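One file, input-v5.cif, is given below (mmCIF, C-alpha atoms).
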data_final
loop_
_atom_site.group_PDB
_atom_site.id
_atom_site.type_symbol
_atom_site.label_atom_id
_atom_site.label_comp_id
_atom_site.auth_asym_id
_atom_site.auth_seq_id
_atom_site.Cartn_x
_atom_site.Cartn_y
_atom_site.Cartn_z
ATOM 1 C CA MET A 243 -43.907 -36.426 8.623
ATOM 2 C CA VAL A 244 -42.022 -39.611 9.483
ATOM 3 C CA TYR A 245 -40.235 -39.475 12.852
ATOM 4 C CA ILE A 246 -37.080 -41.390 13.726
ATOM 5 C CA LEU A 247 -37.790 -43.596 16.737
ATOM 6 C CA ASN A 248 -34.640 -45.703 16.955
ATOM 7 C CA PRO A 249 -32.425 -44.219 19.704
ATOM 8 C CA GLU A 250 -29.153 -45.197 18.047
ATOM 9 C CA GLU A 251 -30.236 -43.619 14.781
ATOM 10 C CA ILE A 252 -31.359 -40.452 16.577
ATOM 11 C CA TYR A 253 -28.039 -40.252 18.383
ATOM 12 C CA SER A 254 -26.002 -40.816 15.222
ATOM 13 C CA LYS A 255 -27.991 -38.344 13.138
ATOM 14 C CA SER A 256 -27.849 -35.684 15.863
ATOM 15 C CA PHE A 257 -24.083 -35.905 16.082
ATOM 16 C CA GLY A 258 -23.791 -35.813 12.307
ATOM 17 C CA ILE A 259 -25.842 -32.600 12.173
ATOM 18 C CA ILE A 260 -23.798 -30.959 14.935
ATOM 19 C CA LYS A 261 -20.507 -32.037 13.366
ATOM 20 C CA ASN A 262 -21.539 -30.581 10.025
ATOM 21 C CA ILE A 263 -22.849 -27.289 11.434
ATOM 22 C CA MET A 264 -19.822 -26.675 13.620
ATOM 23 C CA GLY A 265 -17.164 -28.037 11.265
ATOM 24 C CA LEU A 266 -15.849 -30.494 13.845
ATOM 25 C CA ASP A 267 -13.420 -33.371 13.359
ATOM 26 C CA ASP A 268 -12.667 -36.567 15.300
ATOM 27 C CA SER A 269 -10.327 -35.007 17.868
ATOM 28 C CA LEU A 270 -11.112 -35.149 21.582
ATOM 29 C CA LYS A 271 -11.727 -31.400 21.658
ATOM 30 C CA SER A 272 -14.321 -31.779 18.917
ATOM 31 C CA LYS A 273 -15.943 -34.723 20.722
ATOM 32 C CA ILE A 274 -16.239 -32.619 23.872
ATOM 33 C CA ILE A 275 -17.762 -29.690 21.996
ATOM 34 C CA MET A 276 -20.099 -32.031 20.122
ATOM 35 C CA ARG A 277 -21.342 -33.676 23.321
ATOM 36 C CA ALA A 278 -21.883 -30.283 24.940
ATOM 37 C CA ALA A 279 -23.932 -29.091 21.977
ATOM 38 C CA HIS A 280 -25.934 -32.309 21.932
ATOM 39 C CA ALA A 281 -26.679 -32.203 25.670
ATOM 40 C CA THR A 282 -27.785 -28.574 25.677
ATOM 41 C CA GLY A 283 -29.199 -28.116 22.186
ATOM 42 C CA ASP A 284 -27.206 -24.891 22.156
ATOM 43 C CA ILE A 285 -24.634 -24.468 19.394
ATOM 44 C CA ASP A 286 -23.613 -20.992 20.574
ATOM 45 C CA ALA A 287 -22.879 -22.213 24.101
ATOM 46 C CA ALA A 288 -20.789 -25.067 22.717
ATOM 47 C CA ARG A 289 -18.865 -22.684 20.457
ATOM 48 C CA SER A 290 -17.820 -20.712 23.555
ATOM 49 C CA ILE A 291 -15.938 -23.671 25.084
ATOM 50 C CA VAL A 292 -12.237 -23.039 25.702
ATOM 51 C CA PHE A 293 -9.463 -25.373 26.812
ATOM 52 C CA SER A 294 -6.371 -24.603 28.853
ATOM 53 C CA GLU A 295 -3.133 -25.155 26.979
ATOM 54 C CA ASN A 296 -2.359 -28.065 29.304
ATOM 55 C CA PHE A 297 -5.855 -29.571 29.341
ATOM 56 C CA GLU A 298 -4.578 -32.918 28.045
ATOM 57 C CA ASP A 299 -2.534 -33.271 31.241
ATOM 58 C CA GLY A 300 -5.831 -33.352 33.130
ATOM 59 C CA LEU A 301 -7.534 -36.109 31.155
ATOM 60 C CA PHE A 302 -9.079 -38.719 33.412
ATOM 61 C CA ASP A 303 -10.746 -42.117 33.357
ATOM 62 C CA GLN A 304 -13.034 -44.198 35.565
ATOM 63 C CA ASN A 305 -10.334 -44.544 38.258
ATOM 64 C CA TYR A 306 -10.495 -40.871 39.216
ATOM 65 C CA ASN A 307 -12.566 -39.301 41.963
ATOM 66 C CA ILE A 308 -14.907 -36.677 40.558
ATOM 67 C CA VAL A 309 -16.474 -33.930 42.670
ATOM 68 C CA THR A 310 -19.527 -31.992 41.465
ATOM 69 C CA ASP A 311 -21.237 -28.848 42.697
ATOM 70 C CA ILE A 312 -24.776 -30.268 42.658
ATOM 71 C CA ASN A 313 -26.378 -33.689 42.469
ATOM 72 C CA MET A 314 -27.826 -33.080 39.012
ATOM 73 C CA VAL A 315 -24.284 -32.998 37.639
ATOM 74 C CA LYS A 316 -23.287 -36.012 39.743
ATOM 75 C CA TYR A 317 -26.156 -38.158 38.438
ATOM 76 C CA GLY A 318 -25.408 -37.165 34.858
ATOM 77 C CA ILE A 319 -21.822 -38.443 34.932
ATOM 78 C CA GLY A 320 -21.203 -42.074 34.037
ATOM 79 C CA SER A 321 -18.827 -42.893 36.886
ATOM 80 C CA ASN A 322 -19.418 -44.555 40.249
ATOM 81 C CA LYS A 323 -16.645 -42.457 41.802
ATOM 82 C CA THR A 324 -18.564 -39.190 41.654
ATOM 83 C CA TYR A 325 -19.265 -37.229 44.840
ATOM 84 C CA CYS A 326 -21.283 -34.201 45.900
ATOM 85 C CA HIS A 327 -21.485 -32.681 49.391
ATOM 86 C CA ILE A 328 -24.263 -30.167 48.822
ATOM 87 C CA ASN A 329 -26.814 -32.085 50.927
ATOM 88 C CA ASP A 330 -24.455 -32.955 53.801
ATOM 89 C CA ASP A 331 -25.842 -31.891 57.164
ATOM 90 C CA ASP A 332 -22.762 -29.849 58.099
ATOM 91 C CA VAL A 333 -22.830 -28.051 54.751
ATOM 92 C CA ILE A 334 -26.508 -27.181 55.143
ATOM 93 C CA GLU A 335 -25.951 -25.938 58.698
ATOM 94 C CA SER A 336 -22.943 -23.821 57.746
ATOM 95 C CA SER A 337 -24.824 -22.349 54.816
ATOM 96 C CA LYS A 338 -27.691 -21.281 57.058
ATOM 97 C CA SER A 339 -25.493 -19.815 59.769
ATOM 98 C CA MET A 340 -23.065 -18.038 57.434
ATOM 99 C CA HIS A 341 -25.607 -17.011 54.755
ATOM 100 C CA ILE A 342 -23.344 -18.408 52.060
ATOM 101 C CA SER A 343 -24.406 -20.745 49.255
ATOM 102 C CA ARG A 344 -24.265 -24.467 49.970
ATOM 103 C CA SER A 345 -22.334 -25.141 46.789
ATOM 104 C CA TYR A 346 -19.569 -22.741 47.895
ATOM 105 C CA ILE A 347 -19.214 -24.493 51.252
ATOM 106 C CA ALA A 348 -19.563 -27.985 49.750
ATOM 107 C CA ILE A 349 -16.596 -27.382 47.456
ATOM 108 C CA LYS A 350 -14.470 -26.197 50.397
ATOM 109 C CA LYS A 351 -15.301 -29.439 52.188
ATOM 110 C CA ALA A 352 -14.487 -31.527 49.121
ATOM 111 C CA CYS A 353 -11.117 -29.815 48.794
ATOM 112 C CA ARG A 354 -10.204 -30.908 52.305
ATOM 113 C CA GLU A 355 -11.150 -34.512 51.552
ATOM 114 C CA MET A 356 -10.167 -34.887 47.879
ATOM 115 C CA PRO A 357 -7.774 -32.063 46.967
ATOM 116 C CA GLU A 358 -6.549 -33.770 43.794
ATOM 117 C CA ALA A 359 -9.870 -34.918 42.370
ATOM 118 C CA VAL A 360 -11.487 -33.806 39.125
ATOM 119 C CA TYR A 361 -13.952 -30.977 39.833
ATOM 120 C CA VAL A 362 -17.006 -30.534 37.602
ATOM 121 C CA ILE A 363 -18.947 -27.324 38.193
ATOM 122 C CA GLY A 364 -22.075 -27.195 36.073
ATOM 123 C CA ASP A 365 -24.527 -25.043 37.973
ATOM 124 C CA ALA A 366 -23.228 -22.636 40.609
ATOM 125 C CA PRO A 367 -20.780 -19.790 39.929
ATOM 126 C CA THR A 368 -20.148 -19.699 43.696
ATOM 127 C CA ALA A 369 -18.816 -23.270 43.485
ATOM 128 C CA LEU A 370 -16.371 -22.292 40.747
ATOM 129 C CA ILE A 371 -15.269 -19.259 42.766
ATOM 130 C CA SER A 372 -14.776 -21.571 45.757
ATOM 131 C CA ILE A 373 -12.490 -24.006 43.941
ATOM 132 C CA ILE A 374 -10.475 -21.150 42.397
ATOM 133 C CA GLU A 375 -9.961 -19.666 45.870
ATOM 134 C CA GLU A 376 -8.733 -23.009 47.173
ATOM 135 C CA ILE A 377 -6.343 -23.387 44.231
ATOM 136 C CA ASN A 378 -4.962 -19.881 44.724
ATOM 137 C CA ASN A 379 -4.566 -20.524 48.461
ATOM 138 C CA LYS A 380 -2.740 -23.794 47.678
ATOM 139 C CA LYS A 381 -5.309 -25.810 49.617
ATOM 140 C CA CYS A 382 -6.463 -27.748 46.568
ATOM 141 C CA ASN A 383 -4.667 -29.041 43.485
ATOM 142 C CA PRO A 384 -7.359 -30.514 41.232
ATOM 143 C CA HIS A 385 -6.389 -32.874 38.456
ATOM 144 C CA MET A 386 -8.761 -30.881 36.247
ATOM 145 C CA VAL A 387 -11.551 -28.336 36.621
ATOM 146 C CA ILE A 388 -14.511 -28.395 34.275
ATOM 147 C CA GLY A 389 -16.183 -25.074 35.028
ATOM 148 C CA VAL A 390 -19.342 -24.278 33.085
ATOM 149 C CA PRO A 391 -21.786 -22.728 35.590
ATOM 150 C CA VAL A 392 -24.800 -20.917 34.218
ATOM 151 C CA GLY A 393 -26.363 -17.631 35.263
ATOM 152 C CA PHE A 394 -26.544 -13.863 35.028
ATOM 153 C CA VAL A 395 -24.664 -13.195 38.277
ATOM 154 C CA SER A 396 -20.953 -14.071 38.376
ATOM 155 C CA ALA A 397 -21.102 -16.966 35.900
ATOM 156 C CA LEU A 398 -18.994 -15.349 33.177
ATOM 157 C CA GLU A 399 -16.823 -13.571 35.748
ATOM 158 C CA SER A 400 -16.006 -16.823 37.548
ATOM 159 C CA LYS A 401 -15.024 -18.436 34.250
ATOM 160 C CA GLN A 402 -12.734 -15.523 33.461
ATOM 161 C CA LEU A 403 -11.042 -16.108 36.824
ATOM 162 C CA LEU A 404 -10.544 -19.760 35.880
ATOM 163 C CA LEU A 405 -8.526 -18.676 32.843
ATOM 164 C CA LYS A 406 -5.801 -17.444 35.205
ATOM 165 C CA VAL A 407 -5.134 -20.718 37.020
ATOM 166 C CA LYS A 408 -2.369 -23.063 35.934
ATOM 167 C CA ILE A 409 -4.176 -26.358 36.457
ATOM 168 C CA PRO A 410 -5.838 -28.051 33.446
ATOM 169 C CA PHE A 411 -9.347 -26.746 32.796
ATOM 170 C CA ILE A 412 -12.242 -26.645 30.374
ATOM 171 C CA THR A 413 -14.719 -23.778 30.526
ATOM 172 C CA ASN A 414 -16.960 -21.701 28.294
ATOM 173 C CA LEU A 415 -16.842 -17.928 28.072
ATOM 174 C CA SER A 416 -20.550 -17.233 28.291
ATOM 175 C CA ILE A 417 -23.340 -16.809 30.818
ATOM 176 C CA LYS A 418 -24.611 -20.068 29.330
ATOM 177 C CA GLY A 419 -23.574 -23.526 30.499
ATOM 178 C CA GLY A 420 -25.331 -25.728 33.028
ATOM 179 C CA SER A 421 -25.489 -29.168 34.564
ATOM 180 C CA ALA A 422 -26.072 -30.996 31.285
ATOM 181 C CA MET A 423 -23.035 -29.332 29.720
ATOM 182 C CA GLY A 424 -20.798 -30.123 32.692
ATOM 183 C CA ALA A 425 -21.828 -33.776 32.725
ATOM 184 C CA ALA A 426 -21.525 -34.037 28.938
ATOM 185 C CA ILE A 427 -17.949 -32.736 28.950
ATOM 186 C CA ALA A 428 -16.966 -35.171 31.706
ATOM 187 C CA ASN A 429 -18.629 -38.064 29.879
ATOM 188 C CA ALA A 430 -16.879 -37.189 26.615
ATOM 189 C CA ILE A 431 -13.536 -37.606 28.380
ATOM 190 C CA LEU A 432 -14.612 -40.744 30.258
ATOM 191 C CA SER A 433 -15.818 -42.409 27.065
ATOM 192 C CA ASP A 434 -12.701 -41.635 25.042
ATOM 193 C CA LYS A 435 -10.861 -44.916 24.544
ATOM 194 C CA ASN A 436 -7.520 -43.153 24.234
ATOM 195 C CA VAL A 437 -7.632 -41.863 27.829
ATOM 196 C CA HIS A 438 -5.866 -44.340 30.070
ATOM 197 C CA ARG A 439 -4.161 -42.719 33.025
ATOM 198 C CA GLY A 440 -3.439 -43.321 36.702
ATOM 199 C CA HIS A 441 -5.847 -42.409 39.442
ATOM 200 C CA THR A 442 -6.261 -39.872 42.195
#
What's the C-alpha coordinates form of this structure?
Amino acid sequence: MVYILNPEEIYSKSFGIIKNIMGLDDSLKSKIIMRAAHATGDIDAARSIVFSENFEDGLFDQNYNIVTDINMVKYGIGSNKTYCHINDDDVIESSKSMHISRSYIAIKKACREMPEAVYVIGDAPTALISIIEEINNKKCNPHMVIGVPVGFVSALESKQLLLKVKIPFITNLSIKGGSAMGAAIANAILSDKNVHRGHT
(Lines of atoms letter the chains of each structure in order from A and count residues from 1; the text may use other names and numbers.)
(Lines give C-alpha, C1' and ligand atoms only; values in the text may rest on other atoms or scores of the structure.)
Protein backbone atom coordinates (compact mmCIF):
# COMPACT_ATOMS: atom_id res chain seq x y z
CA MET A 1 0.00 0.00 0.00
CA VAL A 2 1.26 3.46 -0.93
CA TYR A 3 0.52 6.12 1.70
CA ILE A 4 0.00 9.81 0.98
CA LEU A 5 2.57 11.80 2.95
CA ASN A 6 2.10 15.31 1.57
CA PRO A 7 -0.01 17.28 4.09
CA GLU A 8 -1.69 19.45 1.47
CA GLU A 9 -2.66 16.41 -0.56
CA ILE A 10 -3.99 14.65 2.55
CA TYR A 11 -6.02 17.70 3.46
CA SER A 12 -7.44 18.11 -0.05
CA LYS A 13 -8.29 14.44 -0.46
CA SER A 14 -9.92 14.26 2.98
CA PHE A 15 -12.19 17.19 2.21
CA GLY A 16 -13.04 15.72 -1.18
CA ILE A 17 -14.10 12.44 0.45
CA ILE A 18 -16.21 14.20 3.08
CA LYS A 19 -17.82 16.48 0.49
CA ASN A 20 -18.75 13.50 -1.66
CA ILE A 21 -20.10 11.37 1.20
CA MET A 22 -22.19 14.16 2.68
CA GLY A 23 -23.29 15.80 -0.57
CA LEU A 24 -21.93 19.19 0.44
CA ASP A 25 -21.47 22.30 -1.69
CA ASP A 26 -19.30 25.42 -1.41
CA SER A 27 -21.58 27.36 0.95
CA LEU A 28 -20.38 28.47 4.37
CA LYS A 29 -22.73 26.02 6.07
CA SER A 30 -21.19 23.18 4.08
CA LYS A 31 -17.66 24.40 4.90
CA ILE A 32 -18.53 24.40 8.60
CA ILE A 33 -19.99 20.89 8.45
CA MET A 34 -17.03 19.68 6.40
CA ARG A 35 -14.50 21.06 8.88
CA ALA A 36 -16.40 19.52 11.79
CA ALA A 37 -16.40 16.12 10.11
CA HIS A 38 -12.72 16.42 9.26
CA ALA A 39 -11.72 17.44 12.80
CA THR A 40 -13.68 14.67 14.50
CA GLY A 41 -13.64 11.90 11.91
CA ASP A 42 -17.33 11.56 12.69
CA ILE A 43 -19.77 11.99 9.80
CA ASP A 44 -22.82 11.33 11.99
CA ALA A 45 -21.84 14.05 14.47
CA ALA A 46 -21.32 16.51 11.62
CA ARG A 47 -24.69 15.62 10.11
CA SER A 48 -26.35 16.63 13.40
CA ILE A 49 -25.15 20.26 13.15
CA VAL A 50 -27.95 22.84 13.08
CA PHE A 51 -27.86 26.59 12.50
CA SER A 52 -30.14 29.27 13.90
CA GLU A 53 -32.14 31.09 11.26
CA ASN A 54 -30.13 34.24 11.99
CA PHE A 55 -26.72 32.56 12.25
CA GLU A 56 -25.29 34.74 9.47
CA ASP A 57 -25.86 37.78 11.70
CA GLY A 58 -23.35 36.27 14.11
CA LEU A 59 -20.50 35.70 11.66
CA PHE A 60 -17.21 36.98 13.00
CA ASP A 61 -13.61 37.61 11.99
CA GLN A 62 -10.23 38.05 13.67
CA ASN A 63 -11.32 41.34 15.29
CA TYR A 64 -13.78 39.64 17.63
CA ASN A 65 -13.15 38.48 21.18
CA ILE A 66 -13.78 34.76 21.51
CA VAL A 67 -14.45 33.05 24.84
CA THR A 68 -14.08 29.27 25.25
CA ASP A 69 -15.09 26.86 27.98
CA ILE A 70 -11.73 25.08 28.21
CA ASN A 71 -8.18 25.71 27.07
CA MET A 72 -8.22 22.84 24.57
CA VAL A 73 -10.82 24.75 22.56
CA LYS A 74 -8.91 28.02 23.01
CA TYR A 75 -5.65 26.56 21.67
CA GLY A 76 -7.44 25.02 18.70
CA ILE A 77 -8.83 28.32 17.43
CA GLY A 78 -6.69 30.36 15.05
CA SER A 79 -7.19 33.75 16.71
CA ASN A 80 -5.05 35.68 19.18
CA LYS A 81 -8.17 37.20 20.74
CA THR A 82 -9.36 33.97 22.35
CA TYR A 83 -9.85 33.77 26.11
CA CYS A 84 -10.60 31.13 28.72
CA HIS A 85 -11.04 31.66 32.47
CA ILE A 86 -11.17 28.05 33.61
CA ASN A 87 -7.75 28.17 35.32
CA ASP A 88 -8.20 31.58 36.98
CA ASP A 89 -7.55 31.45 40.71
CA ASP A 90 -10.93 32.95 41.63
CA VAL A 91 -12.74 30.48 39.38
CA ILE A 92 -10.91 27.53 40.93
CA GLU A 93 -11.64 28.79 44.45
CA SER A 94 -15.32 29.39 43.74
CA SER A 95 -15.64 25.97 42.16
CA LYS A 96 -14.20 24.29 45.24
CA SER A 97 -16.30 26.24 47.71
CA MET A 98 -19.57 26.01 45.78
CA HIS A 99 -19.08 22.47 44.40
CA ILE A 100 -19.96 23.70 40.92
CA SER A 101 -17.97 23.00 37.75
CA ARG A 102 -15.20 25.43 36.88
CA SER A 103 -16.47 25.82 33.34
CA TYR A 104 -19.88 26.98 34.63
CA ILE A 105 -18.29 29.63 36.83
CA ALA A 106 -15.71 30.64 34.20
CA ILE A 107 -18.46 31.45 31.71
CA LYS A 108 -20.27 33.60 34.30
CA LYS A 109 -17.05 35.55 34.80
CA ALA A 110 -16.52 35.95 31.06
CA CYS A 111 -20.04 37.30 30.66
CA ARG A 112 -19.28 40.06 33.13
CA GLU A 113 -16.11 41.02 31.26
CA MET A 114 -17.06 40.35 27.62
CA PRO A 115 -20.85 40.14 27.37
CA GLU A 116 -20.89 40.58 23.59
CA ALA A 117 -18.09 38.20 22.64
CA VAL A 118 -18.37 35.04 20.58
CA TYR A 119 -18.73 32.03 22.90
CA VAL A 120 -17.41 28.63 21.80
CA ILE A 121 -18.42 25.74 24.05
CA GLY A 122 -16.80 22.50 22.95
CA ASP A 123 -16.49 20.39 26.06
CA ALA A 124 -18.71 21.15 29.05
CA PRO A 125 -22.52 21.06 29.00
CA THR A 126 -22.41 23.09 32.23
CA ALA A 127 -20.67 25.90 30.32
CA LEU A 128 -23.43 25.95 27.71
CA ILE A 129 -26.07 25.96 30.44
CA SER A 130 -24.22 28.86 32.07
CA ILE A 131 -24.20 31.05 28.96
CA ILE A 132 -27.87 30.28 28.25
CA GLU A 133 -28.76 31.34 31.80
CA GLU A 134 -26.89 34.60 31.35
CA ILE A 135 -28.64 35.26 28.03
CA ASN A 136 -32.05 34.55 29.53
CA ASN A 137 -31.25 36.80 32.51
CA LYS A 138 -30.15 39.56 30.09
CA LYS A 139 -26.67 39.65 31.62
CA CYS A 140 -24.97 38.56 28.41
CA ASN A 141 -25.67 39.22 24.74
CA PRO A 142 -23.17 37.12 22.79
CA HIS A 143 -22.50 37.91 19.16
CA MET A 144 -22.77 34.16 18.54
CA VAL A 145 -22.76 30.93 20.53
CA ILE A 146 -21.15 27.82 19.11
CA GLY A 147 -22.39 25.13 21.48
CA VAL A 148 -21.22 21.59 20.81
CA PRO A 149 -20.37 20.07 24.22
CA VAL A 150 -19.95 16.32 24.42
CA GLY A 151 -21.19 13.86 27.01
CA PHE A 152 -23.90 11.57 28.33
CA VAL A 153 -25.11 13.96 31.04
CA SER A 154 -26.88 17.15 29.92
CA ALA A 155 -25.03 17.55 26.61
CA LEU A 156 -28.03 17.01 24.34
CA GLU A 157 -30.37 18.71 26.82
CA SER A 158 -28.21 21.85 26.94
CA LYS A 159 -28.18 22.01 23.15
CA GLN A 160 -31.96 21.73 23.06
CA LEU A 161 -32.11 24.72 25.42
CA LEU A 162 -29.88 26.66 23.03
CA LEU A 163 -32.48 26.21 20.29
CA LYS A 164 -34.80 28.52 22.24
CA VAL A 165 -32.53 31.56 22.40
CA LYS A 166 -32.78 34.36 19.86
CA ILE A 167 -29.08 35.08 19.45
CA PRO A 168 -27.21 33.51 16.49
CA PHE A 169 -25.98 30.00 17.25
CA ILE A 170 -24.54 26.82 15.81
CA THR A 171 -25.02 23.54 17.65
CA ASN A 172 -25.44 19.83 17.02
CA LEU A 173 -28.34 17.77 18.28
CA SER A 174 -26.39 14.82 19.62
CA ILE A 175 -24.48 13.67 22.68
CA LYS A 176 -21.47 13.89 20.37
CA GLY A 177 -19.41 17.02 19.79
CA GLY A 178 -16.23 18.05 21.58
CA SER A 179 -13.35 20.47 21.62
CA ALA A 180 -12.13 19.64 18.12
CA MET A 181 -15.59 20.24 16.68
CA GLY A 182 -16.01 23.56 18.49
CA ALA A 183 -12.62 24.82 17.31
CA ALA A 184 -13.23 23.55 13.78
CA ILE A 185 -16.53 25.42 13.47
CA ALA A 186 -14.94 28.64 14.72
CA ASN A 187 -12.00 28.23 12.34
CA ALA A 188 -14.30 27.61 9.38
CA ILE A 189 -15.90 31.00 10.01
CA LEU A 190 -12.58 32.75 10.68
CA SER A 191 -11.07 31.41 7.47
CA ASP A 192 -14.00 32.36 5.25
CA LYS A 193 -12.85 35.25 3.08
CA ASN A 194 -16.39 36.56 2.73
CA VAL A 195 -16.71 37.33 6.46
CA HIS A 196 -15.68 40.91 7.06
CA ARG A 197 -17.53 42.53 9.93
CA GLY A 198 -16.98 44.96 12.79
CA HIS A 199 -15.65 43.92 16.14
CA THR A 200 -16.82 43.42 19.69
Using only C-alpha atoms, find the one residue out of A:Lys381, A:Ala369, A:Lys323, A:Asn307 that sits nearest to A:Lys401.
->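 Comparing A:Lys381, A:Ala369, A:Lys323, A:Asn307 against A:Lys401, the winner is A:Ala369.
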Atom CA of A:Tyr306 to atom CA of A:Ser321, distance in Å rounded to a single decimal | 8.9 Å
Residue nearest A:Val390 - candidates A:Asp286, A:Glu335, A:Asp365, A:Asp268, atoms counted: only C-alpha atoms =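 Under the stated criterion, the closest residue is A:Asp365.
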Edge lengths and centre, in Å to one decimal, as JSON: that's what I need for the box along x, y and z that holds all listed atoms of stretch 363-378 of chain A plus 8 Å on each side.
{"center_x": -14.7, "center_y": -23.3, "center_z": 41.6, "size_x": 35.6, "size_y": 24.1, "size_z": 27.1}
Any chance you could work out the residue set of the PyMOL selection byres ((chain A and resi 345-353) around 8) here, as a PyMOL selection string?
-> chain A and resi 309+311-312+326-328+333+336-337+342-344+354-358+366+368-373+376+381-382
With C-alpha atoms retained, export the selected residues as a PDB file, in the coordinates of the input.
ATOM      1  CA  VAL A 309     -16.474 -33.930  42.670  1.00  0.00           C
ATOM      2  CA  ASP A 311     -21.237 -28.848  42.697  1.00  0.00           C
ATOM      3  CA  ILE A 312     -24.776 -30.268  42.658  1.00  0.00           C
ATOM      4  CA  CYS A 326     -21.283 -34.201  45.900  1.00  0.00           C
ATOM      5  CA  HIS A 327     -21.485 -32.681  49.391  1.00  0.00           C
ATOM      6  CA  ILE A 328     -24.263 -30.167  48.822  1.00  0.00           C
ATOM      7  CA  VAL A 333     -22.830 -28.051  54.751  1.00  0.00           C
ATOM      8  CA  SER A 336     -22.943 -23.821  57.746  1.00  0.00           C
ATOM      9  CA  SER A 337     -24.824 -22.349  54.816  1.00  0.00           C
ATOM     10  CA  ILE A 342     -23.344 -18.408  52.060  1.00  0.00           C
ATOM     11  CA  SER A 343     -24.406 -20.745  49.255  1.00  0.00           C
ATOM     12  CA  ARG A 344     -24.265 -24.467  49.970  1.00  0.00           C
ATOM     13  CA  ARG A 354     -10.204 -30.908  52.305  1.00  0.00           C
ATOM     14  CA  GLU A 355     -11.150 -34.512  51.552  1.00  0.00           C
ATOM     15  CA  MET A 356     -10.167 -34.887  47.879  1.00  0.00           C
ATOM     16  CA  PRO A 357      -7.774 -32.063  46.967  1.00  0.00           C
ATOM     17  CA  GLU A 358      -6.549 -33.770  43.794  1.00  0.00           C
ATOM     18  CA  ALA A 366     -23.228 -22.636  40.609  1.00  0.00           C
ATOM     19  CA  THR A 368     -20.148 -19.699  43.696  1.00  0.00           C
ATOM     20  CA  ALA A 369     -18.816 -23.270  43.485  1.00  0.00           C
ATOM     21  CA  LEU A 370     -16.371 -22.292  40.747  1.00  0.00           C
ATOM     22  CA  ILE A 371     -15.269 -19.259  42.766  1.00  0.00           C
ATOM     23  CA  SER A 372     -14.776 -21.571  45.757  1.00  0.00           C
ATOM     24  CA  ILE A 373     -12.490 -24.006  43.941  1.00  0.00           C
ATOM     25  CA  GLU A 376      -8.733 -23.009  47.173  1.00  0.00           C
ATOM     26  CA  LYS A 381      -5.309 -25.810  49.617  1.00  0.00           C
ATOM     27  CA  CYS A 382      -6.463 -27.748  46.568  1.00  0.00           C
TER      28      CYS A 382
END
